[in-house]
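Q: Below is coords-v3.csv; it holds CSV, C-alpha atoms.
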chain,number,residue,atom,x,y,z
A,66,MET,CA,26.0,-47.5,21.2
A,67,ILE,CA,24.2,-44.1,21.4
A,68,PHE,CA,25.0,-43.0,17.9
A,69,TYR,CA,24.5,-46.3,16.1
A,70,ASP,CA,21.6,-46.6,13.7
A,71,PRO,CA,20.4,-50.2,13.1
A,72,PRO,CA,20.2,-51.5,9.4
A,73,ASP,CA,16.5,-50.8,9.2
A,74,TYR,CA,17.1,-47.1,9.7
A,75,TYR,CA,18.6,-47.1,6.2
A,76,ASP,CA,16.1,-49.6,4.8
A,77,PRO,CA,12.9,-48.9,6.6
A,78,PRO,CA,9.8,-51.2,6.3
A,79,GLY,CA,7.4,-49.9,3.7
A,80,GLY,CA,10.0,-47.9,1.9
A,81,LEU,CA,10.6,-44.1,1.6
A,82,ILE,CA,9.1,-41.1,-0.1
A,83,LEU,CA,10.6,-37.7,-0.8
A,84,PHE,CA,9.8,-34.7,-3.0
A,85,ARG,CA,11.6,-32.0,-4.8
A,86,SER,CA,11.0,-28.8,-2.9
A,87,SER,CA,10.2,-25.9,-5.2
A,88,ILE,CA,10.3,-22.4,-3.6
A,89,PRO,CA,9.6,-19.2,-5.6
A,90,MET,CA,12.6,-17.0,-5.7
A,91,ASN,CA,10.6,-14.0,-4.5
A,92,LEU,CA,9.9,-15.8,-1.2
A,93,LEU,CA,13.6,-16.3,-0.7
A,94,LEU,CA,15.0,-12.9,-1.8
A,95,ASP,CA,12.3,-10.2,-2.2
A,96,GLY,CA,12.1,-7.4,0.4
A,97,GLU,CA,13.7,-7.2,3.8
A,98,HIS,CA,14.6,-10.2,5.9
A,99,ASN,CA,12.1,-9.7,8.7
A,100,THR,CA,9.5,-11.8,10.6
A,101,GLU,CA,6.9,-11.3,8.0
A,102,SER,CA,9.0,-12.4,5.0
A,103,HIS,CA,10.5,-15.2,7.1
A,104,PHE,CA,7.1,-16.7,8.1
A,105,LYS,CA,5.8,-16.3,4.5
A,106,LEU,CA,8.7,-18.4,3.3
A,107,VAL,CA,8.5,-21.0,6.1
A,108,ASN,CA,4.7,-21.3,5.8
A,109,TYR,CA,5.0,-22.1,2.1
A,110,GLN,CA,7.3,-25.0,3.0
A,111,ILE,CA,5.2,-26.2,5.9
A,112,LYS,CA,2.2,-26.6,3.6
A,113,GLN,CA,4.2,-28.9,1.3
A,114,ILE,CA,5.7,-30.9,4.2
A,115,ARG,CA,2.2,-31.3,5.6
A,116,ALA,CA,1.0,-32.8,2.3
A,117,ALA,CA,4.1,-35.1,2.2
A,118,LEU,CA,3.4,-36.3,5.8
A,119,ALA,CA,-0.2,-37.1,4.8
A,120,ILE,CA,1.0,-39.2,1.8
A,121,ALA,CA,3.7,-40.9,3.9
A,122,MET,CA,1.0,-41.9,6.4
A,123,LEU,CA,-1.4,-43.0,3.6
A,124,LEU,CA,1.2,-45.1,1.9
A,125,ASN,CA,2.9,-46.3,5.1
A,126,ARG,CA,6.2,-45.0,4.0
A,127,THR,CA,9.0,-43.0,5.8
A,128,LEU,CA,9.3,-39.4,4.7
A,129,VAL,CA,12.7,-38.0,3.8
A,130,MET,CA,12.4,-34.4,4.8
A,131,PRO,CA,13.3,-31.7,2.3
A,132,PRO,CA,16.0,-29.1,3.0
A,133,LEU,CA,14.4,-26.3,5.0
A,134,TRP,CA,15.1,-22.6,4.2
A,135,CYS,CA,14.9,-19.7,6.6
A,136,ARG,CA,15.3,-16.0,6.4
A,137,LEU,CA,15.9,-15.5,10.1
A,138,ASP,CA,17.9,-17.4,12.6
A,139,ARG,CA,16.4,-18.8,15.8
A,140,LEU,CA,17.9,-18.0,19.1
A,141,TRP,CA,16.7,-17.8,22.7
A,142,TYR,CA,16.8,-14.1,23.1
A,143,PRO,CA,15.8,-11.0,21.0
A,144,HIS,CA,17.9,-10.5,18.0
A,145,PRO,CA,17.9,-8.6,14.6
A,146,GLY,CA,17.6,-11.8,12.5
A,147,THR,CA,21.1,-13.3,12.8
A,148,ILE,CA,23.6,-13.5,15.5
A,149,PRO,CA,25.3,-10.1,15.7
A,150,GLY,CA,28.9,-10.2,14.6
A,151,THR,CA,28.5,-13.3,12.4
A,152,MET,CA,28.6,-13.4,8.6
A,153,THR,CA,25.4,-15.4,8.2
A,154,ARG,CA,24.1,-15.0,4.6
A,155,GLN,CA,20.3,-14.9,4.3
A,156,PRO,CA,18.4,-16.9,3.4
A,157,PHE,CA,20.1,-20.1,4.6
A,158,LEU,CA,19.5,-23.8,5.2
A,159,CYS,CA,18.2,-24.1,8.7
A,160,PRO,CA,18.0,-27.1,11.1
A,161,LEU,CA,14.7,-29.0,11.2
A,162,ASP,CA,14.3,-28.2,14.9
A,163,HIS,CA,14.2,-24.4,14.0
A,164,VAL,CA,10.7,-25.0,12.8
A,165,PHE,CA,9.5,-28.4,14.0
A,166,ARG,CA,9.4,-30.1,17.4
A,167,VAL,CA,11.5,-33.1,16.4
A,168,ASP,CA,10.9,-34.7,19.8
A,169,VAL,CA,7.2,-34.6,19.3
A,170,VAL,CA,7.5,-35.9,15.7
A,171,MET,CA,9.4,-38.9,17.1
A,172,LYS,CA,7.1,-39.4,20.1
A,173,GLU,CA,4.7,-42.3,20.4
A,174,LEU,CA,1.2,-40.9,20.5
A,175,PRO,CA,-2.1,-42.9,20.9
A,176,GLU,CA,-3.1,-44.0,17.4
A,177,GLU,CA,-6.9,-43.8,18.2
A,178,LYS,CA,-6.6,-40.1,18.7
A,179,PHE,CA,-3.6,-39.1,16.6
A,180,GLY,CA,-3.6,-41.7,13.8
A,181,PRO,CA,-0.6,-43.8,12.7
A,182,ARG,CA,2.9,-42.7,13.5
A,183,ILE,CA,4.7,-41.0,10.6
A,184,ASN,CA,8.4,-41.8,10.5
A,185,PHE,CA,10.9,-39.5,8.9
A,186,ARG,CA,14.6,-39.2,7.9
A,187,GLU,CA,16.9,-36.2,7.6
A,188,TYR,CA,17.2,-34.4,4.2
A,189,SER,CA,20.8,-35.6,3.8
A,190,PHE,CA,19.7,-39.3,4.2
A,191,PHE,CA,20.8,-40.4,0.7
A,192,GLU,CA,24.3,-38.9,1.2
A,193,ASN,CA,25.0,-41.3,4.0
A,194,PRO,CA,27.2,-44.2,2.9
A,195,SER,CA,25.3,-46.6,5.1
A,196,VAL,CA,22.3,-46.4,2.8
A,197,PRO,CA,22.5,-49.7,0.9
A,198,GLN,CA,22.6,-49.9,-2.9
A,199,GLN,CA,19.4,-52.0,-2.9
A,200,VAL,CA,17.6,-48.9,-1.6
A,201,LYS,CA,19.2,-46.4,-3.9
A,202,GLY,CA,18.7,-48.7,-6.9
A,203,LEU,CA,14.9,-49.2,-6.6
A,204,TRP,CA,13.6,-45.7,-7.4
A,205,LEU,CA,10.3,-44.4,-8.9
A,206,ASP,CA,10.0,-40.8,-10.1
A,207,VAL,CA,6.4,-39.5,-10.0
A,208,GLN,CA,5.8,-36.5,-12.2
A,209,LEU,CA,2.6,-34.6,-11.2
A,210,CYS,CA,0.4,-33.4,-14.1
A,211,LYS,CA,-3.0,-31.9,-14.8
A,212,GLU,CA,-5.6,-34.6,-15.2
A,213,GLY,CA,-6.9,-34.8,-18.7
A,214,THR,CA,-3.8,-33.5,-20.4
A,215,LYS,CA,-1.6,-35.8,-22.6
A,216,ASP,CA,-0.4,-38.9,-20.8
A,217,CYS,CA,-1.9,-37.7,-17.5
A,218,ASN,CA,-4.4,-40.4,-16.5
A,219,VAL,CA,-5.0,-42.5,-13.4
A,220,SER,CA,-2.8,-45.5,-14.1
A,221,ASN,CA,-0.1,-47.5,-12.6
A,222,SER,CA,1.7,-47.9,-16.0
A,223,LEU,CA,5.0,-46.2,-16.4
A,224,LYS,CA,5.6,-43.5,-19.1
A,225,SER,CA,9.2,-44.6,-19.4
A,226,THR,CA,11.7,-46.5,-17.2
A,227,GLN,CA,10.7,-45.8,-13.6
A,228,VAL,CA,8.7,-42.6,-14.4
A,229,LEU,CA,5.0,-42.4,-13.5
A,230,ARG,CA,2.7,-39.5,-14.6
A,231,PHE,CA,0.2,-38.8,-11.8
A,232,PRO,CA,-2.7,-36.3,-11.6
A,233,ARG,CA,-2.6,-33.4,-9.2
A,234,ASN,CA,-5.4,-33.2,-6.5
A,235,SER,CA,-5.8,-36.9,-6.4
A,236,THR,CA,-8.0,-38.7,-3.9
A,237,GLU,CA,-7.1,-41.1,-1.2
A,238,GLU,CA,-8.6,-43.9,-3.2
A,239,THR,CA,-6.5,-43.0,-6.3
A,240,PHE,CA,-3.3,-43.0,-4.3
A,241,ARG,CA,-4.1,-46.4,-2.8
A,242,SER,CA,-5.1,-48.0,-6.2
A,243,VAL,CA,-2.1,-46.6,-8.1
A,244,PHE,CA,0.7,-47.0,-5.5
A,245,SER,CA,-0.4,-50.4,-4.3
A,246,SER,CA,1.4,-51.7,-7.4
A,247,PHE,CA,4.7,-50.3,-6.3
A,248,LYS,CA,5.0,-51.7,-2.8
A,249,ASP,CA,8.3,-53.3,-3.7
A,250,VAL,CA,9.8,-50.0,-4.9
A,251,LYS,CA,12.1,-48.8,-2.1
A,252,VAL,CA,12.0,-45.0,-2.9
A,253,ILE,CA,9.2,-42.9,-4.5
A,254,GLN,CA,10.1,-39.3,-5.4
A,255,PHE,CA,7.4,-36.8,-6.2
A,256,SER,CA,8.2,-33.9,-8.5
A,257,SER,CA,6.3,-31.6,-6.1
A,258,MET,CA,3.9,-31.5,-3.2
A,259,VAL,CA,1.9,-28.5,-4.4
A,260,ASP,CA,-1.8,-29.5,-4.8
A,261,VAL,CA,-1.0,-33.2,-4.8
A,262,PHE,CA,-3.6,-34.6,-2.4
A,263,GLN,CA,-7.3,-33.8,-1.8
A,264,GLY,CA,-7.2,-35.1,1.8
A,265,PHE,CA,-8.5,-38.1,3.7
A,266,ALA,CA,-12.0,-39.2,2.8
A,267,ASP,CA,-12.6,-40.6,6.3
A,268,LYS,CA,-13.3,-37.8,8.8
A,269,ALA,CA,-11.9,-39.7,11.7
A,270,LYS,CA,-8.6,-40.3,9.8
A,271,GLU,CA,-8.4,-36.6,8.8
A,272,GLU,CA,-9.0,-35.5,12.4
A,273,GLY,CA,-6.4,-37.9,13.7
A,274,PHE,CA,-3.8,-36.6,11.2
A,275,ARG,CA,-4.6,-33.0,12.1
A,276,ASN,CA,-4.3,-33.8,15.8
A,277,ARG,CA,-0.9,-35.3,15.2
A,278,VAL,CA,0.7,-32.7,12.8
A,279,ARG,CA,-0.6,-29.7,14.7
A,280,ARG,CA,1.7,-30.7,17.5
A,281,TYR,CA,4.7,-30.8,15.2
A,282,ALA,CA,5.1,-27.0,14.8
A,283,ASP,CA,7.5,-25.2,17.1
A,284,PHE,CA,8.1,-21.4,17.5
A,285,TRP,CA,10.5,-18.8,16.3
A,286,CYS,CA,12.4,-16.6,18.8
A,287,CYS,CA,12.7,-13.8,19.4
A,288,MET,CA,11.4,-10.4,18.3
A,289,GLN,CA,13.2,-7.3,19.6
A,290,ASN,CA,11.4,-4.7,21.8
A,291,HIS,CA,8.9,-7.3,23.1
A,292,SER,CA,9.0,-8.8,26.6
A,293,ARG,CA,7.8,-12.1,25.1
A,294,GLY,CA,8.7,-11.9,21.4
A,295,TYR,CA,8.4,-15.5,20.3
A,296,VAL,CA,5.9,-16.5,17.5
A,297,TYR,CA,4.5,-20.0,16.9
A,298,TYR,CA,4.4,-21.7,13.6
A,299,ASP,CA,1.0,-23.0,12.4
A,300,MET,CA,0.7,-26.2,10.4
A,301,TYR,CA,-2.6,-24.9,8.9
A,302,ARG,CA,-1.8,-21.3,8.5
A,303,ASP,CA,-2.9,-21.5,4.8
A,304,GLU,CA,-6.5,-22.2,6.0
A,305,LYS,CA,-6.7,-18.8,7.6
A,306,PRO,CA,-6.6,-16.5,4.6
A,307,ASP,CA,-8.4,-13.7,6.4
A,308,LEU,CA,-5.4,-13.1,8.7
A,309,LYS,CA,-3.4,-10.1,7.4
A,310,SER,CA,-0.1,-11.3,8.8
A,311,HIS,CA,1.7,-14.5,7.7
A,312,LEU,CA,2.8,-15.0,11.2
A,313,GLY,CA,1.3,-17.8,13.3
A,314,TYR,CA,-0.1,-16.8,16.7
A,315,SER,CA,2.3,-14.9,19.0
A,316,THR,CA,2.9,-14.2,22.6
A,317,PHE,CA,4.0,-10.6,22.3
A,318,GLY,CA,4.4,-8.7,25.5
The structure in this file should be written as structure tokens.
A:
Amino acid sequence: MIFYDPPDYYDPPGGLILFRSSIPMNLLLDGEHNTESHFKLVNYQIKQIRAALAIAMLLNRTLVMPPLWCRLDRLWYPHPGTIPGTMTRQPFLCPLDHVFRVDVVMKELPEEKFGPRINFREYSFFENPSVPQQVKGLWLDVQLCKEGTKDCNVSNSLKSTQVLRFPRNSTEETFRSVFSSFKDVKVIQFSSMVDVFQGFADKAKEEGFRNRVRRYADFWCCMQNHSRGYVYYDMYRDEKPDLKSHLGYSTFG
């Protein structure tokens, strides 16, 4: 059957990870709803999702994507931000394929060039009644903290029932040593993805990951008064602080 998901879709090998997406209110509501404010909001979320993808790859877990917020709709022709005549309230929860090329995320790519495949699930995954109780019942909450503060040390001991305090900006080695003790835990939820991971120590692994996720970003369409008014998202826009605009690269006509 076309729309049938096998049991391992709801209980994937290696388990799942997710995180609580935290977005500053000013990114959602301040100023006009325009391309600049829209890309500023989406770029903030992309950076967190990129970190989550890296940790999912590192721990060999499937990432449950967070809800994605947009300030502008995506269409296939120039528009003022929403479909004229509709009552779309901005900002709004937007489909994953408004920002990401889902077909590429799911595509088999050569591991020697792009690193291991990173599986994902939709943000509403746990609302699906097909998710077994054995998955929902084995849950670990990871609370990020500043290393050196009270109860914030590199350890695999739990602060309380199913709660782990874990330092921000941890290394690949730290992730492996700590979370190797929780391979039997079905779900690991991080309190945030802001400044959670330093990056891969191995240059080849880092390059493969970058090669992979760079292809995940799609484009937004379309600006008015331009013959080609679509603008591409950039998975590494935060590494280009000298750019005045929050937009990725564009194909303005």
Q: List every protein, DNA or RNA residue that has at least one atom no more than 10 Å from (8.7, -22.7, -4.5) in the file's coordinates, counting only C-alpha atoms, and write the result as an NGL selection string.
A: :A and (85-93 or 106 or 109-110 or 113 or 257 or 259)
Q: Which residue is closest to A:Met171? Choose from A:Tyr297, A:Tyr281, A:Pro72, A:Met130 and count only C-alpha atoms.
A: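 Selected residue with least distance to A:Met171: A:Tyr281.
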Q: Rank nothing, just name the residue among A:Tyr295, A:Phe179, A:Tyr301, A:Phe185 nearest to A:Lys270, using only C-alpha atoms.
A: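 Selected residue with least distance to A:Lys270: A:Phe179.
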Q: Name the residues in contact with stretch 144-155 of chain A at a cut-off of 12 Å, using only C-alpha atoms, excluding same-chain residues fewer than 3 positions from it; report them as an MDAnalysis selection string.
A: chainID A and resid 92:103 134:141 158:159 285:291 294:295
Q: Mind dumping the selected residues with C-alpha atoms as a CSV table (one decimal), in the frame of the given file?
A:
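Writing done, so here's result21.csv:
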chain,number,residue,atom,x,y,z
A,92,LEU,CA,9.9,-15.8,-1.2
A,93,LEU,CA,13.6,-16.3,-0.7
A,94,LEU,CA,15.0,-12.9,-1.8
A,95,ASP,CA,12.3,-10.2,-2.2
A,96,GLY,CA,12.1,-7.4,0.4
A,97,GLU,CA,13.7,-7.2,3.8
A,98,HIS,CA,14.6,-10.2,5.9
A,99,ASN,CA,12.1,-9.7,8.7
A,100,THR,CA,9.5,-11.8,10.6
A,101,GLU,CA,6.9,-11.3,8.0
A,102,SER,CA,9.0,-12.4,5.0
A,103,HIS,CA,10.5,-15.2,7.1
A,134,TRP,CA,15.1,-22.6,4.2
A,135,CYS,CA,14.9,-19.7,6.6
A,136,ARG,CA,15.3,-16.0,6.4
A,137,LEU,CA,15.9,-15.5,10.1
A,138,ASP,CA,17.9,-17.4,12.6
A,139,ARG,CA,16.4,-18.8,15.8
A,140,LEU,CA,17.9,-18.0,19.1
A,141,TRP,CA,16.7,-17.8,22.7
A,158,LEU,CA,19.5,-23.8,5.2
A,159,CYS,CA,18.2,-24.1,8.7
A,285,TRP,CA,10.5,-18.8,16.3
A,286,CYS,CA,12.4,-16.6,18.8
A,287,CYS,CA,12.7,-13.8,19.4
A,288,MET,CA,11.4,-10.4,18.3
A,289,GLN,CA,13.2,-7.3,19.6
A,290,ASN,CA,11.4,-4.7,21.8
A,291,HIS,CA,8.9,-7.3,23.1
A,294,GLY,CA,8.7,-11.9,21.4
A,295,TYR,CA,8.4,-15.5,20.3
Q: In Å, how far is it from atom CA of A:Val296 to atom CA of A:Leu128?
A: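 Rounded to one decimal, the two atoms are 26.5 Å apart.
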Q: Please identify every residue of stretch 92-181 of chain A that has at least one atom no farther than 12 Å from an atom of stretch 225-246 of chain A, counting only C-alpha atoms, and for each give the shortest atom pair and the distance in Å to one decimal, arranged by chain then increasing number, as a tab-separated table.
A:
residue	atom	partner	partner_atom	distance
A:Ala116	CA	A:Asn234	CA	10.9
A:Ala119	CA	A:Glu237	CA	10.0
A:Ile120	CA	A:Phe240	CA	8.4
A:Ala121	CA	A:Phe240	CA	11.0
A:Met122	CA	A:Glu237	CA	11.1
A:Leu123	CA	A:Glu237	CA	7.7
A:Leu124	CA	A:Arg241	CA	7.2
A:Asn125	CA	A:Arg241	CA	10.6
A:Arg126	CA	A:Phe244	CA	11.2
Q: Could you save the residues just selected, with C-alpha atoms, as an mmCIF file, in the frame of the given file?
A:
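Output (selection-v7.cif):
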data_model
loop_
_atom_site.group_PDB
_atom_site.id
_atom_site.type_symbol
_atom_site.label_atom_id
_atom_site.label_comp_id
_atom_site.auth_asym_id
_atom_site.auth_seq_id
_atom_site.Cartn_x
_atom_site.Cartn_y
_atom_site.Cartn_z
ATOM 1 C CA ALA A 116 1.000 -32.800 2.300
ATOM 2 C CA ALA A 119 -0.200 -37.100 4.800
ATOM 3 C CA ILE A 120 1.000 -39.200 1.800
ATOM 4 C CA ALA A 121 3.700 -40.900 3.900
ATOM 5 C CA MET A 122 1.000 -41.900 6.400
ATOM 6 C CA LEU A 123 -1.400 -43.000 3.600
ATOM 7 C CA LEU A 124 1.200 -45.100 1.900
ATOM 8 C CA ASN A 125 2.900 -46.300 5.100
ATOM 9 C CA ARG A 126 6.200 -45.000 4.000
#
Q: Distance atom CA of A:Val196-atom CA of A:Val167, one decimal place?
A: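 It comes out at 21.9 Å.
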Q: Go ahead and compute the interatomic distance for atom CA of A:Glu177 and atom CA of A:Arg279, in Å to one decimal.
A: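 These atoms are spaced 15.8 Å apart.
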Q: Just checking: using all atoms listed in the file, which residue out of A:Pro71, A:Gly80, A:Pro306, A:Gly202 ends up closest to A:Asn184?
A: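 Using all atoms listed in the file, the shortest distance to A:Asn184 belongs to A:Gly80.
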